[in-house]
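Working notes, structure below.
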Amino acid sequence: MESMMTSMILLKAGASLLIVVGLMLLLVYTLKFLQGKKRALTPQSDRITVSQVNHVTAKQKIMVVQWGGKENLIALTPNGGFLIDQKNTNIQGEKYDAS
């Protein structure tokens, strides 16, 4: 009788553990799905992308950052980041100089 009670308690504990882990996995997949939907709903012009990075020295680099329909050439140094040049881009991604 007592072994039956112990096995019943273990069975309930195992089932409870499986339910909790299942709910946690469901929550993780739901959040990942919603995060993907949020990214899909974000307009292309509002996304920030780093398209190219060149290391000049060990502590200095130059990168091209696309944001808001513009390409920005940025220099990064230990003292901070500096905007070197900026170009507008049209919807097809073809580049043209604004100046």
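Naming works like this for the structure tokens: A, B, ... for the chains as they're shown, residue 1 at the start of each chain, ligands 1 onward in shown order.
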
Let's see if you can do this: from backbone DSSP, list all helix (DSSP H, G or I) residues in range 4-62 of chain A, as JSON, numbers by chain. {"A": [4, 5, 6, 7, 8, 9, 10, 11, 12, 13, 14, 15, 16, 17, 18, 19, 20, 21, 22, 23, 24, 25, 26, 27, 28, 29, 30, 31, 32, 33, 34, 35, 36, 37, 38, 39, 40, 41, 44, 45, 46]}

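All residues of protein, DNA or RNA that reach within 10 Å of Asn79 in chain A, judged by only C-alpha atoms and not counting those fewer than 3 positions away in the chain, are A:Lys59, A:Gln60, A:Leu76, A:Phe82.
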
Could you work out how far CA of Gln52 in chain A lies from CA of Lys32 in chain A, giving the answer in Å with one decimal?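 Separation of CA of Lys32 in chain A and CA of Gln52 in chain A: 27.4 Å.
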
I want to know what sits within 6 Å of Ile74 in chain A, based on only C-alpha atoms, with residues of the same chain fewer than 6 positions away left out; could you give that as a CSV table (one decimal) with C-alpha atoms, in the first residue's frame?
chain,number,residue,atom,x,y,z
A,62,ILE,CA,35.5,52.1,-40.5
A,63,MET,CA,32.0,50.8,-41.0
A,82,PHE,CA,32.6,59.9,-36.1
A,83,LEU,CA,30.4,60.3,-39.2
A,84,ILE,CA,32.6,60.6,-42.2

Atomic distance CA of Tyr29 in chain A - CA of Trp67 in chain A, expressed in Å with one decimal: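 Pair CA of Tyr29 in chain A / CA of Trp67 in chain A returns 29.1 Å.
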